[in-house]
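The structure file upload23.cif is reproduced below (mmCIF, C-alpha atoms).
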data_data
#
loop_
_atom_site.label_atom_id
_atom_site.label_comp_id
_atom_site.auth_asym_id
_atom_site.auth_seq_id
_atom_site.Cartn_x
_atom_site.Cartn_y
_atom_site.Cartn_z
CA MET W 721 -11.12 -6.12 -4.66
CA THR W 722 -8.34 -4.41 -6.59
CA GLN W 723 -5.16 -6.19 -7.51
CA ALA W 724 -3.16 -3.83 -5.26
CA ARG W 725 -5.35 -4.58 -2.24
CA ARG W 726 -5.31 -8.32 -2.90
CA ARG W 727 -1.53 -8.31 -3.23
CA ALA W 728 -1.04 -6.25 -0.08
CA LEU W 729 -3.25 -8.61 1.93
CA MET W 730 -1.48 -11.69 0.58
CA THR W 731 1.94 -10.13 1.22
CA LEU W 732 0.93 -9.50 4.83
CA VAL W 733 -0.12 -13.14 5.24
CA ILE W 734 2.94 -14.64 3.52
CA TRP W 735 5.52 -12.43 5.19
CA GLY W 736 3.63 -12.40 8.49
CA VAL W 737 3.96 -16.19 8.69
CA ALA W 738 7.56 -16.05 7.45
CA ALA W 739 8.58 -13.34 9.94
CA VAL W 740 6.89 -14.91 12.94
CA GLY W 741 8.28 -18.34 12.06
CA PHE W 742 11.77 -16.97 11.56
CA GLY W 743 11.56 -14.98 14.79
CA VAL W 744 10.41 -17.98 16.80
CA THR W 745 13.21 -20.23 15.46
CA PHE W 746 15.76 -17.49 16.09
CA PHE W 747 14.81 -16.77 19.69
CA ALA W 748 13.82 -20.33 20.69
CA GLY W 749 16.17 -22.69 22.47
CA GLY W 750 19.52 -21.07 23.11
CA GLY W 751 18.50 -17.84 21.41
CA PRO W 752 20.84 -15.68 19.34
CA ALA W 753 23.95 -16.89 21.16
CA ASP W 754 24.04 -20.35 19.58
CA TYR W 755 21.84 -19.79 16.52
CA ALA W 756 24.83 -19.91 14.17
CA ASP W 757 25.81 -23.38 15.45
CA ASP W 758 22.30 -24.86 15.59
CA LYS W 759 21.74 -26.39 12.15
CA VAL W 760 18.17 -27.46 12.89
CA ARG W 761 17.06 -23.95 13.87
CA ARG W 762 18.91 -22.42 10.94
CA ALA W 763 17.21 -24.83 8.54
CA ALA W 764 13.80 -24.11 10.09
CA GLY W 765 14.40 -20.36 9.93
CA GLY W 766 15.57 -20.69 6.34
CA ALA W 767 12.42 -22.62 5.45
CA PHE W 768 10.22 -19.81 6.79
CA LEU W 769 12.25 -17.22 4.90
CA ALA W 770 12.05 -19.33 1.74
CA LEU W 771 8.26 -19.23 2.11
CA GLY W 772 8.47 -15.46 1.92
CA PHE W 773 11.03 -15.18 -0.86
CA PHE W 774 9.51 -17.85 -3.10
CA GLY W 775 5.92 -17.26 -2.05
CA THR W 776 6.02 -13.61 -3.10
CA PRO W 777 6.74 -14.13 -6.83
CA PHE W 778 4.25 -17.00 -6.87
CA MET W 779 1.62 -14.72 -5.33
CA LEU W 780 2.41 -12.00 -7.92
CA TRP W 781 1.94 -14.56 -10.70
CA LEU W 782 -1.28 -15.82 -9.10
CA THR W 783 -2.77 -12.31 -8.88
CA ARG W 784 -1.73 -11.15 -12.37
CA GLY W 785 -4.43 -9.33 -14.31
CA ARG W 786 -6.29 -10.56 -17.34
CA PRO W 787 -5.41 -8.94 -20.68
CA GLY W 788 -7.20 -5.60 -21.04
CA GLU W 789 -8.24 -5.49 -17.38
CA VAL W 790 -7.57 -2.26 -15.43
CA VAL W 791 -5.55 -3.74 -12.59
CA ALA W 792 -4.12 -0.53 -11.15
CA ASP W 793 -4.93 3.12 -11.62
CA GLU W 794 -3.44 6.44 -10.53
CA ARG W 795 -4.72 6.04 -6.98
CA ASP W 796 -3.09 2.61 -6.62
CA GLU W 797 0.18 3.99 -7.98
CA SER W 798 0.06 6.95 -5.61
CA ILE W 799 -0.63 4.67 -2.65
CA GLY W 800 2.17 2.35 -3.79
CA ARG W 801 4.66 5.23 -3.89
CA ARG W 802 3.73 6.43 -0.40
CA ALA W 803 3.81 2.89 0.98
CA ALA W 804 7.26 2.27 -0.52
CA ASN W 805 8.54 5.48 1.08
CA GLY W 806 7.07 4.41 4.41
CA GLY W 807 8.70 1.00 4.10
CA LEU W 808 12.11 2.48 3.33
CA ILE W 809 11.97 4.80 6.33
CA ALA W 810 10.78 1.99 8.60
CA VAL W 811 13.62 -0.33 7.54
CA LEU W 812 16.22 2.41 8.00
CA LEU W 813 14.91 3.22 11.48
CA TYR W 814 14.75 -0.48 12.35
CA VAL W 815 18.37 -1.15 11.30
CA PHE W 816 19.51 1.93 13.17
CA ALA W 817 17.58 1.07 16.34
CA LEU W 818 18.58 -2.62 16.42
CA SER W 819 22.24 -1.76 15.80
CA ILE W 820 22.22 0.73 18.64
CA VAL W 821 20.51 -1.76 20.97
CA LEU W 822 23.12 -4.42 20.11
CA TRP W 823 25.87 -1.91 20.78
CA GLU W 824 24.40 -0.95 24.14
CA ARG W 825 23.86 -4.55 25.23
CA HIS W 826 27.23 -5.93 24.12
CA GLU W 827 29.52 -2.95 24.50
CA ALA W 828 30.97 -4.26 27.76
CA SER W 829 31.79 -7.73 26.41
CA GLY W 830 33.18 -6.35 23.19
CA CYS W 831 31.57 -9.00 20.98
CA VAL W 832 28.13 -9.57 19.50
CA PRO W 833 26.79 -13.12 18.91
CA VAL W 834 27.21 -13.73 15.20
CA GLY W 835 23.60 -14.92 14.97
CA TRP W 836 22.51 -11.29 15.12
CA LEU W 837 24.30 -10.72 11.80
CA TRP W 838 21.93 -13.30 10.36
CA PHE W 839 18.89 -11.89 12.07
CA LEU W 840 19.44 -8.25 11.09
CA PRO W 841 19.42 -8.60 7.27
CA TYR W 842 16.64 -11.17 7.06
CA SER W 843 14.38 -9.40 9.54
CA SER W 844 15.01 -6.19 7.59
CA ALA W 845 13.96 -7.95 4.40
CA ALA W 846 10.77 -9.18 6.06
CA LEU W 847 10.05 -5.67 7.30
CA ALA W 848 10.66 -4.29 3.80
CA TYR W 849 7.79 -6.45 2.57
CA LEU W 850 5.49 -6.11 5.59
CA VAL W 851 5.52 -2.35 6.17
CA PRO W 852 4.68 -1.22 2.60
CA ALA W 853 1.88 -3.80 2.45
CA LEU W 854 0.46 -2.58 5.77
CA VAL W 855 0.83 1.12 4.88
CA SER W 856 -0.82 0.61 1.48
CA LEU W 857 -3.80 -1.11 3.11
CA LEU W 858 -4.14 1.68 5.69
CA LEU W 859 -4.03 4.28 2.90
CA ASP W 860 -6.37 2.25 0.73
CA PHE W 861 -9.00 2.05 3.48
CA GLY W 862 -8.51 5.74 4.32
CA ILE W 863 -7.25 5.02 7.84
CA LEU W 864 -3.91 6.75 7.24
CA GLY W 865 -5.09 9.68 5.19
CA ARG W 866 -6.21 9.98 1.61
CA GLY W 867 -4.82 8.09 -1.33
CA GLU W 868 -3.49 10.96 -3.36
CA GLY W 869 -0.03 12.25 -2.76
CA MET H 60 0.67 22.76 1.79
CA ALA H 61 -2.85 21.58 2.56
CA LYS H 62 -4.54 19.19 0.15
CA ALA H 63 -7.12 20.74 -2.14
CA GLU H 64 -10.68 20.13 -0.98
CA ILE H 65 -12.68 19.31 -4.08
CA HIS H 66 -16.30 18.26 -3.90
CA ASN H 67 -17.82 16.12 -6.60
CA HIS H 68 -21.25 15.10 -7.80
CA VAL H 69 -20.26 11.65 -9.02
CA ARG H 70 -22.84 9.78 -6.97
CA ARG H 71 -25.72 12.02 -8.08
CA LEU H 72 -24.62 11.97 -11.72
CA ARG H 73 -24.41 8.17 -11.71
CA PHE H 74 -28.04 7.93 -10.70
CA GLU H 75 -29.05 10.62 -13.19
CA ASN H 76 -27.35 8.56 -15.91
CA GLY H 77 -29.60 5.55 -15.74
CA GLU H 78 -28.31 4.38 -12.36
CA MET H 79 -24.90 3.72 -13.81
CA THR H 80 -23.00 1.33 -11.55
CA GLN H 81 -19.65 2.18 -10.01
CA GLN H 82 -18.10 -0.60 -12.07
CA GLU H 83 -19.52 0.80 -15.31
CA LEU H 84 -18.20 4.25 -14.50
CA ALA H 85 -14.82 2.82 -13.54
CA GLU H 86 -14.56 0.99 -16.85
CA GLN H 87 -15.48 4.11 -18.83
CA ALA H 88 -13.03 6.26 -16.86
CA ARG H 89 -10.33 3.56 -16.96
CA CYS H 90 -9.85 3.34 -13.21
CA THR H 91 -10.77 0.84 -10.51
CA ARG H 92 -14.11 0.64 -8.69
CA GLN H 93 -12.29 1.35 -5.42
CA THR H 94 -11.22 4.72 -6.81
CA ILE H 95 -14.84 5.58 -7.65
CA ILE H 96 -15.86 4.54 -4.12
CA ALA H 97 -13.10 6.72 -2.62
CA LEU H 98 -14.17 9.62 -4.85
CA GLU H 99 -17.80 9.38 -3.78
CA GLN H 100 -16.77 9.23 -0.14
CA GLY H 101 -14.62 12.34 -0.58
CA LYS H 102 -11.50 10.36 0.28
CA TYR H 103 -9.73 10.94 -3.00
CA VAL H 104 -9.15 13.88 -5.31
CA PRO H 105 -8.47 12.66 -8.85
CA SER H 106 -5.83 13.90 -11.24
CA LEU H 107 -6.94 16.29 -13.95
CA ALA H 108 -6.77 13.48 -16.53
CA LEU H 109 -9.07 11.20 -14.52
CA ALA H 110 -11.40 14.10 -13.76
CA PHE H 111 -11.78 14.71 -17.51
CA ARG H 112 -12.43 11.02 -18.20
CA ILE H 113 -15.12 10.90 -15.49
CA ALA H 114 -16.74 14.08 -16.79
CA ARG H 115 -16.74 12.66 -20.34
CA ALA H 116 -18.36 9.46 -19.07
CA PHE H 117 -21.28 11.60 -17.90
CA GLY H 118 -21.22 13.84 -20.97
CA ARG H 119 -20.55 16.84 -18.72
CA THR H 120 -17.78 19.38 -18.25
CA VAL H 121 -15.27 18.96 -15.43
CA GLU H 122 -16.78 21.95 -13.61
CA GLU H 123 -20.17 20.26 -13.60
CA VAL H 124 -18.74 17.20 -11.86
CA PHE H 125 -16.06 18.71 -9.62
CA GLU H 126 -16.01 21.98 -7.73
CA PRO H 127 -13.73 23.46 -5.09
CA SER H 128 -15.06 23.79 -1.58
CA GLU H 129 -15.84 27.30 -0.37
CA ASP H 130 -12.71 27.63 1.75
CA GLU H 131 -10.58 26.71 -1.27
CA GLY H 132 -11.92 29.82 -2.88
CA ALA H 133 -14.07 29.80 -5.94
CA PRO H 134 -12.61 31.61 -8.94
CA PRO H 135 -13.15 35.35 -8.68
CA PRO H 136 -16.09 36.68 -10.65
CA PRO H 137 -15.15 38.50 -13.83
CA SER H 138 -14.77 42.21 -13.16
CA GLY H 139 -17.54 44.19 -14.72
CA GLY H 140 -16.75 47.20 -16.86
#

Entire entry expressed as structure tokens:
Amino acid sequence: MTQARRRALMTLVIWGVAAVGFGVTFFAGGGPADYADDKVRRAAGGAFLALGFFGTPFMLWLTRGRPGEVVADERDESIGRRAANGGLIAVLLYVFALSIVLWERHEASGCVPVGWLWFLPYSSAALAYLVPALVSLLLDFGILGRGEG
Amino acid sequence: MAKAEIHNHVRRLRFENGEMTQQELAEQARCTRQTIIALEQGKYVPSLALAFRIARAFGRTVEEVFEPSEDEGAPPPPSGG
């Protein structure tokens, strides 16, 4: 297994757990409305996010190549570029869509629960890790077209 | 613009070269084994630089390893005098 594939798989696992855990703590109990005041849920959500943010550099260190080993070639780099582009577009669309949904749902009341301002950036960060990893695996296995680009 | 369709004879040439393994070819061409697998399955068209390295690993020219598919259009025959 190439380093790129191994890293993409491990990123999916790490950030999959972090995103699901963060999502569950955010929507559990009182939901977004009282998330900002609920210290236990904020701490739990932060712990899941910490798993992602600290787990990623640890995983990169763990999967580093040996000296002289070909760890990535032109195909891996091409796939990486296309996956990064896909991730950027996905995050932009996600921020746009969630912002519009929040506007539509809270336009009448004139105020948005502040917890959403916590959810939006951290869920975007999780997506920025998850989507490129997923896209690179789909390209790597030839499910989403060929590797060159 | 459509991607170039390039066929290759990598799999056949590996076996003609003492059943060279994909890993051995990858090491000689300085790429990963997954790239050799993708090449043999027709799922990847290499850069010119990698194509040259693969051809050199077999001791062949690039044209002997890679060739365009018919619909890509083979180079026109030289015009006779």

For the structure shown, which residues end up in the PyMOL selection byres ((chain W and resi 753) around 8)? Put them as a ChimeraX atom specification, please? /W:750-752,754-756,833-835

What would the selection look like, as a PyMOL selection string, if the PyMOL selection byres ((chain W and resi 737-741) around 8) were run on the coordinates I just shared? chain W and resi 733-736+742-745+765+768-772+843+846

Would you mind reading off the distance between CA of Arg761 (chain W) and CA of Leu818 (chain W), one decimal, in Å? 21.5 Å

What are the residues of chain H lining chain W at 7 Å or less? Count only C-alpha atoms, and put the answer as number ranges by chain. H: 89-91, 94, 102-104

Could you jot down the CA of Val832 (chain W) to CA of Lys759 (chain W) separation for me, Å, one decimal place? 19.4 Å

Nearest residue to Arg727 (chain W) from the set W:Gly749, W:Pro777, W:Pro841, W:Gly766 (distances using only C-alpha atoms):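 For Arg727 (chain W), the nearest of the candidates is W:Pro777.
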
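For the atom pair formed by CA of Thr731 (chain W) and CA of Thr776 (chain W), the distance is 6.9 Å, given to one decimal.
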
Please define a box with edges along x, y and z of the file around all atoms of region 90-98 of chain H given in the file, extend it by 4 Å on each side, and return its centre and edge lengths in Å to one decimal, as AutoDock Vina command-line options.
--center_x -12.9 --center_y 5.1 --center_z -7.9 --size_x 14.0 --size_y 17.0 --size_z 18.6

So, counting only C-alpha atoms, which residue among W:Phe746, W:Arg784, W:Phe774, W:Val811 is closest to Leu837 (chain W)?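 With only C-alpha atoms as the atom set, the closest residue is W:Phe746.
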
Excluding Glu123 (chain H) and its own-chain neighbours fewer than 3 positions away, which residues fall within 10 Å of it when counting all atoms listed in the file? Please give them as a list in words. Asn67, His68, Val69, Leu72, Ala114, Phe117, Gly118, Arg119, Thr120 and Glu126 of chain H

Taking the file as shown, find all residues satisfying the PyMOL selection byres ((chain W and resi 800-803) around 10) and write them as a PDB file with C-alpha atoms, in the frame of the given file.
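Ended up saving to expr-v5.pdb:
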ATOM      1  CA  ALA W 724      -3.160  -3.830  -5.260  1.00  0.00           C
ATOM      2  CA  ALA W 728      -1.040  -6.250  -0.080  1.00  0.00           C
ATOM      3  CA  GLU W 794      -3.440   6.440 -10.530  1.00  0.00           C
ATOM      4  CA  ARG W 795      -4.720   6.040  -6.980  1.00  0.00           C
ATOM      5  CA  ASP W 796      -3.090   2.610  -6.620  1.00  0.00           C
ATOM      6  CA  GLU W 797       0.180   3.990  -7.980  1.00  0.00           C
ATOM      7  CA  SER W 798       0.060   6.950  -5.610  1.00  0.00           C
ATOM      8  CA  ILE W 799      -0.630   4.670  -2.650  1.00  0.00           C
ATOM      9  CA  ALA W 804       7.260   2.270  -0.520  1.00  0.00           C
ATOM     10  CA  ASN W 805       8.540   5.480   1.080  1.00  0.00           C
ATOM     11  CA  GLY W 806       7.070   4.410   4.410  1.00  0.00           C
ATOM     12  CA  GLY W 807       8.700   1.000   4.100  1.00  0.00           C
ATOM     13  CA  LEU W 808      12.110   2.480   3.330  1.00  0.00           C
ATOM     14  CA  ILE W 809      11.970   4.800   6.330  1.00  0.00           C
ATOM     15  CA  VAL W 851       5.520  -2.350   6.170  1.00  0.00           C
ATOM     16  CA  PRO W 852       4.680  -1.220   2.600  1.00  0.00           C
ATOM     17  CA  ALA W 853       1.880  -3.800   2.450  1.00  0.00           C
ATOM     18  CA  LEU W 854       0.460  -2.580   5.770  1.00  0.00           C
ATOM     19  CA  VAL W 855       0.830   1.120   4.880  1.00  0.00           C
ATOM     20  CA  SER W 856      -0.820   0.610   1.480  1.00  0.00           C
ATOM     21  CA  LEU W 857      -3.800  -1.110   3.110  1.00  0.00           C
ATOM     22  CA  LEU W 858      -4.140   1.680   5.690  1.00  0.00           C
ATOM     23  CA  LEU W 859      -4.030   4.280   2.900  1.00  0.00           C
ATOM     24  CA  ASP W 860      -6.370   2.250   0.730  1.00  0.00           C
ATOM     25  CA  GLY W 867      -4.820   8.090  -1.330  1.00  0.00           C
ATOM     26  CA  GLU W 868      -3.490  10.960  -3.360  1.00  0.00           C
ATOM     27  CA  GLY W 869      -0.030  12.250  -2.760  1.00  0.00           C
TER      28      GLY W 869
END

From (-19.8, 18.8, -2.0), in the file's coordinates, out to 12 Å: which residues are reached, counting all atoms listed in the file? Answer as a ChimeraX atom specification. /H:64-71,98-101,123-130

Selection: 9 Å around Arg112 (chain H), only C-alpha atoms, excl. self and same-chain fewer than 6 positions, as a ChimeraX atom specification: /H:87-89,121

Rebuild region 811-834 of chain W to N, CA, C and O atoms - output it as a tab-separated table (two decimals), in the frame of the given file, please.
chain	number	residue	atom	x	y	z
W	811	VAL	N	12.47	0.58	7.54
W	811	VAL	CA	13.62	-0.33	7.54
W	811	VAL	C	14.87	0.41	8.03
W	811	VAL	O	15.65	-0.13	8.83
W	812	LEU	N	15.06	1.64	7.56
W	812	LEU	CA	16.22	2.41	8.00
W	812	LEU	C	16.20	2.63	9.51
W	812	LEU	O	17.21	2.46	10.19
W	813	LEU	N	15.04	3.00	10.03
W	813	LEU	CA	14.91	3.22	11.48
W	813	LEU	C	15.14	1.92	12.25
W	813	LEU	O	15.77	1.91	13.31
W	814	TYR	N	14.61	0.81	11.69
W	814	TYR	CA	14.75	-0.48	12.35
W	814	TYR	C	16.22	-0.90	12.43
W	814	TYR	O	16.70	-1.31	13.49
W	815	VAL	N	16.95	-0.77	11.31
W	815	VAL	CA	18.37	-1.15	11.30
W	815	VAL	C	19.15	-0.27	12.27
W	815	VAL	O	19.99	-0.76	13.04
W	816	PHE	N	18.85	1.01	12.26
W	816	PHE	CA	19.51	1.93	13.17
W	816	PHE	C	19.24	1.54	14.62
W	816	PHE	O	20.16	1.41	15.43
W	817	ALA	N	17.96	1.34	14.94
W	817	ALA	CA	17.58	1.07	16.34
W	817	ALA	C	18.17	-0.27	16.81
W	817	ALA	O	18.72	-0.35	17.92
W	818	LEU	N	18.07	-1.32	15.99
W	818	LEU	CA	18.58	-2.62	16.42
W	818	LEU	C	20.10	-2.58	16.59
W	818	LEU	O	20.65	-3.15	17.53
W	819	SER	N	20.78	-1.87	15.69
W	819	SER	CA	22.24	-1.76	15.80
W	819	SER	C	22.64	-1.05	17.09
W	819	SER	O	23.59	-1.46	17.77
W	820	ILE	N	21.92	0.00	17.41
W	820	ILE	CA	22.22	0.73	18.64
W	820	ILE	C	21.95	-0.14	19.87
W	820	ILE	O	22.73	-0.16	20.83
W	821	VAL	N	20.84	-0.88	19.84
W	821	VAL	CA	20.51	-1.76	20.97
W	821	VAL	C	21.59	-2.82	21.14
W	821	VAL	O	22.04	-3.10	22.27
W	822	LEU	N	22.05	-3.40	20.04
W	822	LEU	CA	23.12	-4.42	20.11
W	822	LEU	C	24.40	-3.80	20.68
W	822	LEU	O	25.10	-4.42	21.48
W	823	TRP	N	24.69	-2.60	20.26
W	823	TRP	CA	25.87	-1.91	20.78
W	823	TRP	C	25.75	-1.71	22.29
W	823	TRP	O	26.68	-2.00	23.04
W	824	GLU	N	24.60	-1.23	22.71
W	824	GLU	CA	24.40	-0.95	24.14
W	824	GLU	C	24.49	-2.23	24.97
W	824	GLU	O	25.06	-2.23	26.06
W	825	ARG	N	23.92	-3.31	24.45
W	825	ARG	CA	23.86	-4.55	25.23
W	825	ARG	C	25.20	-5.28	25.25
W	825	ARG	O	25.48	-6.03	26.19
W	826	HIS	N	26.00	-5.13	24.22
W	826	HIS	CA	27.23	-5.93	24.12
W	826	HIS	C	28.49	-5.09	24.16
W	826	HIS	O	29.57	-5.62	23.95
W	827	GLU	N	28.35	-3.84	24.48
W	827	GLU	CA	29.52	-2.95	24.50
W	827	GLU	C	30.56	-3.44	25.53
W	827	GLU	O	31.75	-3.47	25.24
W	828	ALA	N	30.06	-3.85	26.69
W	828	ALA	CA	30.97	-4.26	27.76
W	828	ALA	C	31.77	-5.50	27.38
W	828	ALA	O	32.99	-5.58	27.64
W	829	SER	N	31.09	-6.49	26.76
W	829	SER	CA	31.79	-7.73	26.41
W	829	SER	C	32.68	-7.55	25.18
W	829	SER	O	33.61	-8.31	24.97
W	830	GLY	N	32.35	-6.61	24.37
W	830	GLY	CA	33.18	-6.35	23.19
W	830	GLY	C	32.89	-7.25	22.01
W	830	GLY	O	33.59	-7.17	21.00
W	831	CYS	N	31.91	-8.15	22.14
W	831	CYS	CA	31.57	-9.00	20.98
W	831	CYS	C	30.07	-9.27	20.94
W	831	CYS	O	29.43	-9.44	21.97
W	832	VAL	N	29.56	-9.32	19.73
W	832	VAL	CA	28.13	-9.57	19.50
W	832	VAL	C	27.98	-10.98	18.96
W	832	VAL	O	28.75	-11.37	18.07
W	833	PRO	N	27.02	-11.78	19.50
W	833	PRO	CA	26.79	-13.12	18.91
W	833	PRO	C	26.55	-13.01	17.41
W	833	PRO	O	25.76	-12.17	16.96
W	834	VAL	N	27.24	-13.86	16.65
W	834	VAL	CA	27.21	-13.73	15.20
W	834	VAL	C	25.81	-13.98	14.63
W	834	VAL	O	25.50	-13.55	13.51
